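These notes are about the structure you will find just below.
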Amino acid sequence: MNRTKVDEEEYWHSSKFKAFTFDDDDDELSQLKESKRAVNSLRDIVDDDDDDLERVSWSGEPVGSISWSIKETASSGGPTLEGREPLKTRNSLSSYPPLPKPVSSYSLSSFFKGRSRIGSLQSLSDALSDVPPKNYAPELRRPKGEYKDYSSDWSLSDTVRRLQKGKVCSLERFRSLQEKLQLLEEAVSVHDGNVITAVLIFLKRTLSKEILFRELEVRQVALRHLIHFLKETGDQKMLLDLFRYLDRTEELALSQYQEHLSIQDPEKRKEFLKSCIGLPFSVEDAAHVQDHYTLLERQIIIEVNDRHLESAGQTEIFRKHPRKASILNMPLVTTLFYSCFYHYTEPEGTFSSPINLKKTFKIPDKQYVLTALAARAKLRAWQDVDALFTTKNWLGYTRKRAPIGFHRVVEILHKNNAPVQVLQEYIRLVEDVDTKLNLATKFKCHDVVIETYRDLKDRQQLLAYRCKVDKASAEEEKIDSILSSTQIRWKN
């Protein structure tokens with residue numbers, strides 16, 4: 001009881017907790033002290049002659065402190081202090097009446113700013129008239145009620161406009177089916193795919209499938225966007241349900257067939273493709289699915305057999321040219337190239353035979369010749385290349401024929417480093433003279449160029465080409481022999 005007034009004030013106003021502030025000042029302690037002094041000055045507002053006595057609230061906090069002011073302001077809708085019995089202070093001075101509670105029409109920010117209303121007590125700004133104009137307490141944010149609720153006031157066009165600009169926009173306010181459909185129609189009217197997709201995602205999340213499918217059935221633009229979105233996101237289940245609802249049997253079958261891409265195990269993928277054969281595809285697609293199943297079945301058989309041969313090390317082709325990858329799940333052309341490379345001489349009755357693949361999958365002659373030529377030229381099997389283009393007529397005469405054109409044959413052979421003798425043989429079979437000369441000049445097949453100019457009886461071109469060959473070479477001697485011939489009637 002021997003405490004001085006300063007001691008008691010230090011006791012009641014001390015706290016281990018810091019007041020909440022929105023200010024970013026580093027010196028929070030000094031701001032707290034300034035706020036405390038500003039609130040303590042409120043005592044001048046009330047006519048109380050006894051400054052030696054402290055008054056506390058029901059929570060035990062000093063009346064007039066910042067925490068007391070915040071709590072009193074927050075409880076503006078609650079009952080007043082008129083019906084409460086005043087709390088005894090620490091010194092049991094119950095005879096002193098409590099401070100009258102200010103009318104709770106203040107907002108917290110206006111209280112600290114010193115704003116007053118009619119019928120209220122003297123404002124804080126009046127009480128601190130002798131103090132320089134400064135906010136002694138930190139300025140708090142305005143209450144949410146003072147802000148306009150834009151999410152409730154946006155119209156359909158405003159919402160769509162914000163979506164177009166890429167701004168954050170909540171669509172939760174559109175709760176009824178009618179509002180959601182109006183929003184969708186507004187999105188479609190602006191012809192912006194991103195906005196339409198955003199609205200469709202919202203409808204997909206908030207509507208049942210039956211209602212969504214029913215409404216989109218009569219809105220074809222939005223329906224196409226949803227189908228594309230489901231394909232891009234891989235939502236196969238909902239996509240199948242949608243096609244089933246719309247009775248689009250072919251698209252339903254194709255979507256179900258597409259699921260094979262997610263199956264990695266070859267045996268499981270083969271069984272899945274087998275189950276897809278009976279789906280309602282178009283005639284062309286049904287044949288494609290059947291071929292896909294047959295091809296994978298062949299690939300599994302070839303892979304197992306070749307893996308065994310390669311590991312045994314008894315087959316020359318696998319020793320000289322080890323396999324770089326598995327044949328499983330490869331395209332038909334790759335499988336044909338593989339068969340022409342490793343199994344070219346096998347009889348037609350085996351699954352790995354190139355001829356068997358050609359007949360089973362009805363591979364065109366051009367595609368087969370092009371693939372076989374690339375495979376055999378890579379192995380430098382020039383006899384197989386020659387046999388590939390040799391045909392017999394009904395009289396037994398043989399001739400060379402190339403479905404892809406001999407100019408392409410020459411280019412493929414040169415790409416695989418074919419010798420000059422092989423290139424010259426096929427350049428001579430090119431029918432167009434200009435093409436023949438260009439190829440012969442490009443690949444330095446001098447004999448072909450010389451023979452072609454001789455056949456054309458073009459002395460000037462032959463003389464010009466003589467300057468391009470090496471001196472004292474066989475080509476120069478051949479040109480001189482042709483130029484000195486008296487049996488040729490030159491045209492120039």
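We name chains A, B, ... following the order of the structure tokens; residues begin at 1 in each chain, and ligands are numbered from 1 as shown.
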
Residues at most 9 Å from Glu297 of chain A, counting only C-alpha atoms, excluding those fewer than 6 positions away in the same chain, as a ChimeraX atom specification? /A:266-267,270

Atom-to-atom span, atom CA of Lys274 of chain A and atom CA of Thr294 of chain A, Å |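 Value for the atom CA of Lys274 of chain A-atom CA of Thr294 of chain A distance: 9.1 Å.
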
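The spacing separating atom CA of Gln487 of chain A from atom CA of Leu462 of chain A amounts to 16.0 Å.
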
Judged by only C-alpha atoms, the minimum distance to Leu463 of chain A among A:Asp386, A:Glu316, A:Asp480, A:Asp434 is found for A:Asp480

Test item, alpha helix (DSSP H) assignment across segment 266-331 of chain A, answer as a ChimeraX atom specification: /A:266-276,283-312,316-320

Worksheet item: Which residues, written as a count of residues only, have at least one atom at most 10 Å from His228 of chain A, with only C-alpha atoms counted and residues fewer than 5 positions away on the same chain left out?
Response: 6

Between A:Lys436, A:Lys167, A:Lys324, A:Lys209, smallest distance to His407 of chain A by only C-alpha atoms belongs to A:Lys436

For this session: For Leu252 of chain A, list every protein, DNA or RNA residue within 7 Å, evaluated using only C-alpha atoms, and leave out those in the same chain fewer than 6 positions away; present the list as number ranges by chain.
Result: A: 240, 243-244

### Task
Select, from A:Lys400, A:Arg380, A:Lys444, A:Leu246, the residue with the minimum atom-to-atom distance to Glu217 of chain A, counting only C-alpha atoms.
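Checking each candidate against Glu217 of chain A, we get A:Leu246 as the closest.
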
Note to self: I'd like the contact shell of segment 275-277 of chain A - 10 Å cut-off, only C-alpha atoms, skipping same-chain residues fewer than 4 positions apart - returned as a list in words.
What the structure shows: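 Within the cut-off, the hits are Ala253, Leu254, Gln256, Tyr257, Gln258, His260, Arg269, Lys270, Glu271, Phe281, Asp285, Ala286, Ala287, His288, Val289, Gln290, Asp291, His292 and Tyr293 of chain A.
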
Mind writing the picked residues with C-alpha atoms as a PDB file, in the first residue's frame?
ATOM      1  CA  ALA A 253     -15.467 -45.743 -79.730  1.00  0.00           C
ATOM      2  CA  LEU A 254     -12.519 -43.580 -80.782  1.00  0.00           C
ATOM      3  CA  GLN A 256     -12.265 -45.470 -75.722  1.00  0.00           C
ATOM      4  CA  TYR A 257      -9.676 -46.722 -78.231  1.00  0.00           C
ATOM      5  CA  GLN A 258      -7.431 -43.787 -77.339  1.00  0.00           C
ATOM      6  CA  HIS A 260      -4.562 -47.715 -75.126  1.00  0.00           C
ATOM      7  CA  ARG A 269      -2.287 -53.311 -74.475  1.00  0.00           C
ATOM      8  CA  LYS A 270      -2.819 -56.194 -76.908  1.00  0.00           C
ATOM      9  CA  GLU A 271      -5.774 -57.465 -74.881  1.00  0.00           C
ATOM     10  CA  PHE A 281     -16.219 -47.742 -85.438  1.00  0.00           C
ATOM     11  CA  ASP A 285     -11.462 -47.052 -88.437  1.00  0.00           C
ATOM     12  CA  ALA A 286     -12.485 -50.634 -87.703  1.00  0.00           C
ATOM     13  CA  ALA A 287      -9.884 -51.877 -90.209  1.00  0.00           C
ATOM     14  CA  HIS A 288      -7.267 -49.650 -88.599  1.00  0.00           C
ATOM     15  CA  VAL A 289      -7.972 -51.025 -85.124  1.00  0.00           C
ATOM     16  CA  GLN A 290      -7.826 -54.598 -86.441  1.00  0.00           C
ATOM     17  CA  ASP A 291      -4.453 -53.908 -88.095  1.00  0.00           C
ATOM     18  CA  HIS A 292      -3.151 -52.295 -84.927  1.00  0.00           C
ATOM     19  CA  TYR A 293      -4.025 -55.382 -82.902  1.00  0.00           C
TER      20      TYR A 293
END

Interatomic distance (Å, one decimal) between atom CA of Tyr368 of chain A and atom CA of Trp382 of chain A: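 These atoms are spaced 17.0 Å apart.
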
TODO: Please identify all polymer residues within 12 Å of Thr350 of chain A, counting only C-alpha atoms, omitting same-chain residues fewer than 6 positions from it, and present them as a list in words.
DONE: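 Surrounding residues, per the criterion: Arg298, Ile301, Ile302, Asn305, Ser339, His343, Tyr344, Asn356, Leu357 and Thr360 of chain A.
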
So that I can see what lies close to Leu336 of chain A, please list as a ChimeraX atom specification the residues with an atom at most 10 Å from it, counting only C-alpha atoms and leaving out residues fewer than 4 positions away in the same chain. /A:330-332,340-341,343-344,352-358,363,367-368,371-372,375
